[in-house]
Amino acid sequence: MKTFAVLQLAGCAGCEVSLLNADEWMGGYRLAYMPLVISAHDVPEVDLLLVSGGVRNEEDLYNLRRAAPQAGKVVAIGTCAISGGVASLGDRDDVREVFLADRERHHVPHLLPKCRPIDAVVPVDQYLPGCPPTPELFMALLTEPPGFKTGAIVCVECRRKKLKDMRPSRFAGFQRGEVEPDICLINQGFLCIGSSTRGGCRAPCPRAGHPCVGCRGPSDSLIEKESAVWMSSIRRVISGLTDIPAAEIDHELRSPHLSLFLFQFSDYSSPGRTPRPKEKVM
Amino acid sequence: MPALTFPLSRIEGHARVVIDIEGDTVTSASFQCTEFRGFKHLVQGVPAEQMTVIVPRICGVCSTAHHIASVKALEDAFGIEPPPLACRLRELLLLGQLIQSQATSLFIFTMPDRLGTSSIFDPVQEKDQDERSQLASRALAVRRVGTHLITVAGGQFIHPVKAVVGGMTSGIEPDAAAALSHELAAQLPQACELFDLYIRKSLELSDRIGTWGDDAPAYYLSAVSDSLPNYDGDDIRLLGPDGSVSTFSARSHRDYLTYEQPDYSYSGRTSYRGEALRANSLARVNLTESMGTPLADGYLKRFRAAFGRPAHAILLFDLARGIELVYAIERAIQILATPLNEEDTDIPYTPRDGEGYGLVEAPRGPLIHHYVIKDGLVADAEFVIPTVHNIKSIERALMVAARRYITGKRIDMELEHAVGRVVRAFDPCIACATH
Ligand code: SF4
Ligand code: SF4
């Protein structure tokens, strides 16, 4: 039987909780290490190592460096491990000062200057983005069911209709209670970024009436390009469906809504980093 | 003798216990949370309305509680009240959260302590085949029904999105409610069966170790009402060892609770007039008159007959969790039988600057979000986390365990197990505590 381990770095355990809903692996794998559910203190040799969470402190760094060589294959699980996730919001200069002030405390693992994705520390064989990835995606990763297919972008799975003749002239705000069913949220004045976001989640947020915030990261057609390209792609979609002036769209995209999905995307676009090859991203 | 360090597992997050010994005496026991992401800092300057999406990421185990606390804090700041249907839907969400969380704590985190295994996923020995057959998959199925409830009411079960300022994005269609109700009803006997096994194994454990966990009486803290506990709470109640109860609002929590920041942990620590506090299941069960649903009340009656009220022994936290698990399933079925799509689920509102508090009873106790909003952006945020209220109690209980198992120069190997049991009884959530 194949074995797998789950190493949790700085995250929220949401990725692990999602995995627990995907118990079909139980027939095909032995879970060798996952401190959330097993008392075991070291990562043994395993076929597959799933790593969730970002590298936030010295202990994360140490644990990741020690665990990765034990594994046949390393998979980065969830947005935190892949691109820093929500913790990247702390990488703004003003906020960082507060973190660094906390660094000198003696009896706790020291914080690193920046929260890092795991592929900045060890080689990663595969990426499973999502915040968290759904149980279905975990199952697909572990059991590789034949014919498993996902939509290229969230819009494909959302299936709300994009209308040409329902054109708001301004944004309606972040989210405003009950929305029209079946009609694209952009037509209703919300900044939904499902059109640039990788599908596979089955679009739970926009289907429930909440704009997609991009937690699965850029779609295949954008992932190897820089952020300016996916920005202009989002802008084009919004211009096509609304009469909101271009300047206003730009403004909303940069700020303040940007802080929302910046935390999902940040490390995809930082200058100087090589893009994750799309073949490796699930 | 050097300090003894115990790494911890089968809890949410990264923490360890350190016990200091001088000569023959145990001098201190500390519960050290070793992770930190800094949500208080990283939400500075974030558009206030986006908090409902950002803060569930504090914790994937109790994301629903953070989601709703956040919505309520904004509603308080904007001066609006959601319609009654939205409140019912939020109660459902929190019940789903409770099922998920209590089933996880009972059957995944603490059951192995009763079975003497390292996890419920361990291969089962031949002789235990009957009792434990399919234990893992049955436990996961009970847990999963809670996640389905959150999905239907909240859009998705980790980091839900359907609670929004002013209400909820939609109600629940009759078909979906009926299907869910059916699934809950099917899992209810499973949950009771697993809980009965859990009680039996807990009795064996307490016989073997000779205690249900010794400790002194404590203060108890909870935000649920006297009967049919509603986890979408509005006031906090504090039960003293003398039986007195004081009630206060989230807004005045600092008049009652004192917070300190030890330097060995990224988590703070709460006390009441210098005394240890307890939140979580046992606090609720001690404070609540009755659960108000038949099966849960049956369990509660037997619990009270055996252990009195208030009950103080530590392992009773775990049993109280089982009572709540049964209650949450029964209560959710009741709510799902009412119409959930015939009224408005939200009201219109205009955002404004100001200050707001949001309170819910999370699985681990009263959770408060407090935001100060300027120019539509978060200027300050405070997260008052239930686990933090328990830290002093955890440490006190660890001291008792350490003194029991460290005598003279001898350390009983049972200590390591005892440390795990004490900590897990409180079901601390480290991602939340340090946020
Ligand atoms: S990716 Fe999302 S769900 Fe996973 S650990 Fe990070 S915040 Fe939690
Ligand atoms: S833009 Fe958003 S709401 Fe519109 S179809 Fe795409 S995912 Fe759905």
# chains A, B, ... in the order shown; residues from 1 in each chain; ligands from 1
$ select_by_dssp --residues "region 69-138 of chain A" --states "strand (DSSP E or B)" --output "VMD selection string"
chain A and resid 71 to 77 111 to 116 126 to 128
$ write_last_selection --atoms "C-alpha atoms" --output "PDB file, in the first residue's frame"
ATOM      1  CA  ALA A  71       9.218  11.843   0.152  1.00  0.00           C
ATOM      2  CA  GLY A  72       9.000  10.363  -3.323  1.00  0.00           C
ATOM      3  CA  LYS A  73       6.904  13.311  -4.380  1.00  0.00           C
ATOM      4  CA  VAL A  74       6.186  16.682  -2.749  1.00  0.00           C
ATOM      5  CA  VAL A  75       2.834  18.364  -3.331  1.00  0.00           C
ATOM      6  CA  ALA A  76       2.113  21.924  -2.245  1.00  0.00           C
ATOM      7  CA  ILE A  77      -1.438  21.982  -0.935  1.00  0.00           C
ATOM      8  CA  LEU A 111       9.493  34.615  12.684  1.00  0.00           C
ATOM      9  CA  LEU A 112      11.172  34.912   9.296  1.00  0.00           C
ATOM     10  CA  PRO A 113      11.199  38.370   7.699  1.00  0.00           C
ATOM     11  CA  LYS A 114       8.663  37.253   5.099  1.00  0.00           C
ATOM     12  CA  CYS A 115       6.144  34.453   4.788  1.00  0.00           C
ATOM     13  CA  ARG A 116       7.440  32.254   1.971  1.00  0.00           C
ATOM     14  CA  GLN A 126       2.965  19.290  -7.971  1.00  0.00           C
ATOM     15  CA  TYR A 127       0.650  22.086  -6.857  1.00  0.00           C
ATOM     16  CA  LEU A 128      -2.937  21.792  -5.644  1.00  0.00           C
TER      17      LEU A 128
END
$ residues_near_ligand --ligand "ligand 2" --cutoff "6 Å" --atoms "only C-alpha atoms and all ligand atoms" --output "list of chain:residue names"
A:Val154, A:Cys155, A:Cys158, A:Arg159, A:Arg160, A:Cys184, A:Leu185, A:Ile186, A:Cys192, A:Ile193, A:Gly194, A:Ser195, A:Pro206, A:Pro211, A:Cys212
$ residues_around --residues "Thr3 (chain A)" --least-positions-apart "6" --cutoff "8 Å" --atoms "only C-alpha atoms" --output "MDAnalysis selection string"
chainID A and resid 29:32 46:48
$ closest_atom_pairs --of "chain A" --to "ligand 1" --cutoff "7 Å" --atoms "only C-alpha atoms and all ligand atoms" --output "Markdown table"
| residue | atom | partner | partner_atom_place_in_ligand_line | distance |
| --- | --- | --- | --- | --- |
| A:Gly11 | CA | ligand 1 | 5 (S) | 3.8 |
| A:Cys12 | CA | ligand 1 | 8 (Fe) | 4.0 |
| A:Ala13 | CA | ligand 1 | 5 (S) | 5.1 |
| A:Gly14 | CA | ligand 1 | 3 (S) | 3.8 |
| A:Cys15 | CA | ligand 1 | 4 (Fe) | 4.1 |
| A:Ser52 | CA | ligand 1 | 5 (S) | 5.8 |
| A:Gly53 | CA | ligand 1 | 5 (S) | 4.9 |
| A:Gly78 | CA | ligand 1 | 1 (S) | 3.8 |
| A:Thr79 | CA | ligand 1 | 1 (S) | 4.0 |
| A:Cys80 | CA | ligand 1 | 6 (Fe) | 4.2 |
| A:Ala81 | CA | ligand 1 | 1 (S) | 6.8 |
| A:Gly85 | CA | ligand 1 | 6 (Fe) | 5.8 |
| A:Val86 | CA | ligand 1 | 7 (S) | 6.0 |
| A:Gly130 | CA | ligand 1 | 1 (S) | 6.0 |
| A:Cys131 | CA | ligand 1 | 2 (Fe) | 3.4 |
| A:Pro132 | CA | ligand 1 | 3 (S) | 3.7 |
$ interface_residues --of "chain A" --to "chain B" --cutoff "8 Å" --atoms "only C-alpha atoms" --output "VMD selection string"
chain A and resid 10 to 15 17 to 18 20 to 21 23 31 35 to 41 56 to 57 86 to 87 89 to 90 95 98 to 99 105 to 109 132 174 to 179 204 to 205 207 to 210 256 to 257 259 to 260
$ write_last_selection --atoms "C-alpha atoms" --output "PDB file, in the first residue's frame"
ATOM      1  CA  ALA A  10       1.737  28.164   8.995  1.00  0.00           C
ATOM      2  CA  GLY A  11      -1.855  27.896   7.884  1.00  0.00           C
ATOM      3  CA  CYS A  12      -5.323  27.456   9.262  1.00  0.00           C
ATOM      4  CA  ALA A  13      -5.754  23.651   9.041  1.00  0.00           C
ATOM      5  CA  GLY A  14      -8.569  24.225   6.564  1.00  0.00           C
ATOM      6  CA  CYS A  15      -6.661  22.188   4.002  1.00  0.00           C
ATOM      7  CA  VAL A  17     -10.110  19.605   7.373  1.00  0.00           C
ATOM      8  CA  SER A  18     -11.018  19.429   3.699  1.00  0.00           C
ATOM      9  CA  LEU A  20     -10.770  14.657   6.103  1.00  0.00           C
ATOM     10  CA  ASN A  21     -13.917  14.959   4.030  1.00  0.00           C
ATOM     11  CA  ASP A  23     -11.856   9.653   2.912  1.00  0.00           C
ATOM     12  CA  LEU A  31      -1.646   7.773   6.270  1.00  0.00           C
ATOM     13  CA  PRO A  35      -0.183  15.473  13.536  1.00  0.00           C
ATOM     14  CA  LEU A  36      -3.746  16.771  13.387  1.00  0.00           C
ATOM     15  CA  VAL A  37      -5.086  13.227  13.574  1.00  0.00           C
ATOM     16  CA  ILE A  38      -2.142  10.945  14.439  1.00  0.00           C
ATOM     17  CA  SER A  39       0.345  10.922  17.283  1.00  0.00           C
ATOM     18  CA  ALA A  40       3.635  10.656  15.415  1.00  0.00           C
ATOM     19  CA  HIS A  41       6.443  13.099  15.755  1.00  0.00           C
ATOM     20  CA  ARG A  56       6.424  31.692   8.449  1.00  0.00           C
ATOM     21  CA  ASN A  57       8.944  30.848  11.183  1.00  0.00           C
ATOM     22  CA  VAL A  86      -3.747  35.168   3.370  1.00  0.00           C
ATOM     23  CA  ALA A  87      -0.520  35.606   5.333  1.00  0.00           C
ATOM     24  CA  LEU A  89      -1.265  40.438   3.533  1.00  0.00           C
ATOM     25  CA  GLY A  90       1.357  40.808   6.241  1.00  0.00           C
ATOM     26  CA  VAL A  95       2.627  45.706   8.662  1.00  0.00           C
ATOM     27  CA  VAL A  98       4.998  44.946  13.598  1.00  0.00           C
ATOM     28  CA  PHE A  99       6.026  41.413  12.850  1.00  0.00           C
ATOM     29  CA  ARG A 105      10.804  37.131  21.795  1.00  0.00           C
ATOM     30  CA  HIS A 106      12.919  34.404  23.292  1.00  0.00           C
ATOM     31  CA  HIS A 107      10.988  31.262  23.892  1.00  0.00           C
ATOM     32  CA  VAL A 108       9.040  30.898  20.686  1.00  0.00           C
ATOM     33  CA  PRO A 109      10.269  30.005  17.191  1.00  0.00           C
ATOM     34  CA  PRO A 132      -8.814  25.140   0.707  1.00  0.00           C
ATOM     35  CA  PHE A 174     -18.262  44.296  -2.232  1.00  0.00           C
ATOM     36  CA  GLN A 175     -21.344  42.155  -1.662  1.00  0.00           C
ATOM     37  CA  ARG A 176     -24.927  43.210  -1.009  1.00  0.00           C
ATOM     38  CA  GLY A 177     -27.150  40.479   0.366  1.00  0.00           C
ATOM     39  CA  GLU A 178     -29.505  38.619  -1.932  1.00  0.00           C
ATOM     40  CA  VAL A 179     -28.567  38.612  -5.613  1.00  0.00           C
ATOM     41  CA  PRO A 204     -19.234  27.354  -4.685  1.00  0.00           C
ATOM     42  CA  CYS A 205     -18.805  31.082  -3.980  1.00  0.00           C
ATOM     43  CA  ARG A 207     -23.043  30.031  -7.152  1.00  0.00           C
ATOM     44  CA  ALA A 208     -23.921  31.024  -3.593  1.00  0.00           C
ATOM     45  CA  GLY A 209     -24.053  34.671  -4.668  1.00  0.00           C
ATOM     46  CA  HIS A 210     -20.623  35.770  -3.522  1.00  0.00           C
ATOM     47  CA  PRO A 256      -9.287  48.557  -2.315  1.00  0.00           C
ATOM     48  CA  HIS A 257     -10.557  45.266  -3.712  1.00  0.00           C
ATOM     49  CA  SER A 259      -6.192  43.646  -1.113  1.00  0.00           C
ATOM     50  CA  LEU A 260      -8.726  40.866  -1.282  1.00  0.00           C
TER      51      LEU A 260
END
$ residues_around --residues "region 319-334 of chain B" --least-positions-apart "3" --cutoff "7 Å" --atoms "only C-alpha atoms" --output "ChimeraX atom specification"
/B:92,95,98-99,102-103,181,184,188,191-192,195,281-282,285,291,293,295-296,299-300,316,337
$ atom_distance --atom1 "CA of Val378 (chain B)" --atom2 "CA of Ser169 (chain A)"
27.3 Å
$ closest_residue --among "A:Met1, A:Leu191, A:Leu141, A:Ile238" --to "Val213 (chain A)" --atoms "only C-alpha atoms"
A:Leu191
$ select_by_dssp --residues "region 21-228 of chain B" --states "helix (DSSP H, G or I)" --output "JSON, numbers by chain"
{"B": [39, 40, 41, 42, 48, 49, 50, 51, 52, 53, 54, 55, 56, 57, 58, 63, 64, 65, 66, 67, 68, 69, 70, 71, 72, 73, 74, 75, 76, 77, 78, 84, 85, 86, 87, 88, 89, 90, 91, 92, 93, 94, 95, 96, 97, 98, 99, 100, 101, 102, 103, 104, 105, 106, 107, 108, 109, 110, 111, 112, 113, 114, 115, 126, 127, 128, 129, 130, 131, 132, 135, 136, 137, 138, 139, 140, 141, 142, 143, 144, 145, 146, 147, 148, 149, 150, 151, 152, 153, 154, 174, 175, 176, 177, 178, 179, 180, 181, 182, 183, 184, 185, 186, 187, 188, 189, 190, 191, 192, 193, 194, 195, 196, 197, 198, 199, 200, 201, 202, 203, 204, 205, 206, 207, 208, 209]}
$ atom_distance --atom1 "CA of Asp113 (chain B)" --atom2 "CA of Thr211 (chain B)"
14.5 Å
$ residues_around --residues "region 386-392 of chain B" --least-positions-apart "2" --cutoff "8 Å" --atoms "only C-alpha atoms" --output "PyMOL selection string"
chain B and resi 31+267-271+276-280+362+364-367+384+394-396+426+428-430+432-433
$ closest_residue --among "A:Ala228, A:Val122, A:Ile223, A:Leu241" --to "Met166 (chain A)" --atoms "only C-alpha atoms"
A:Leu241
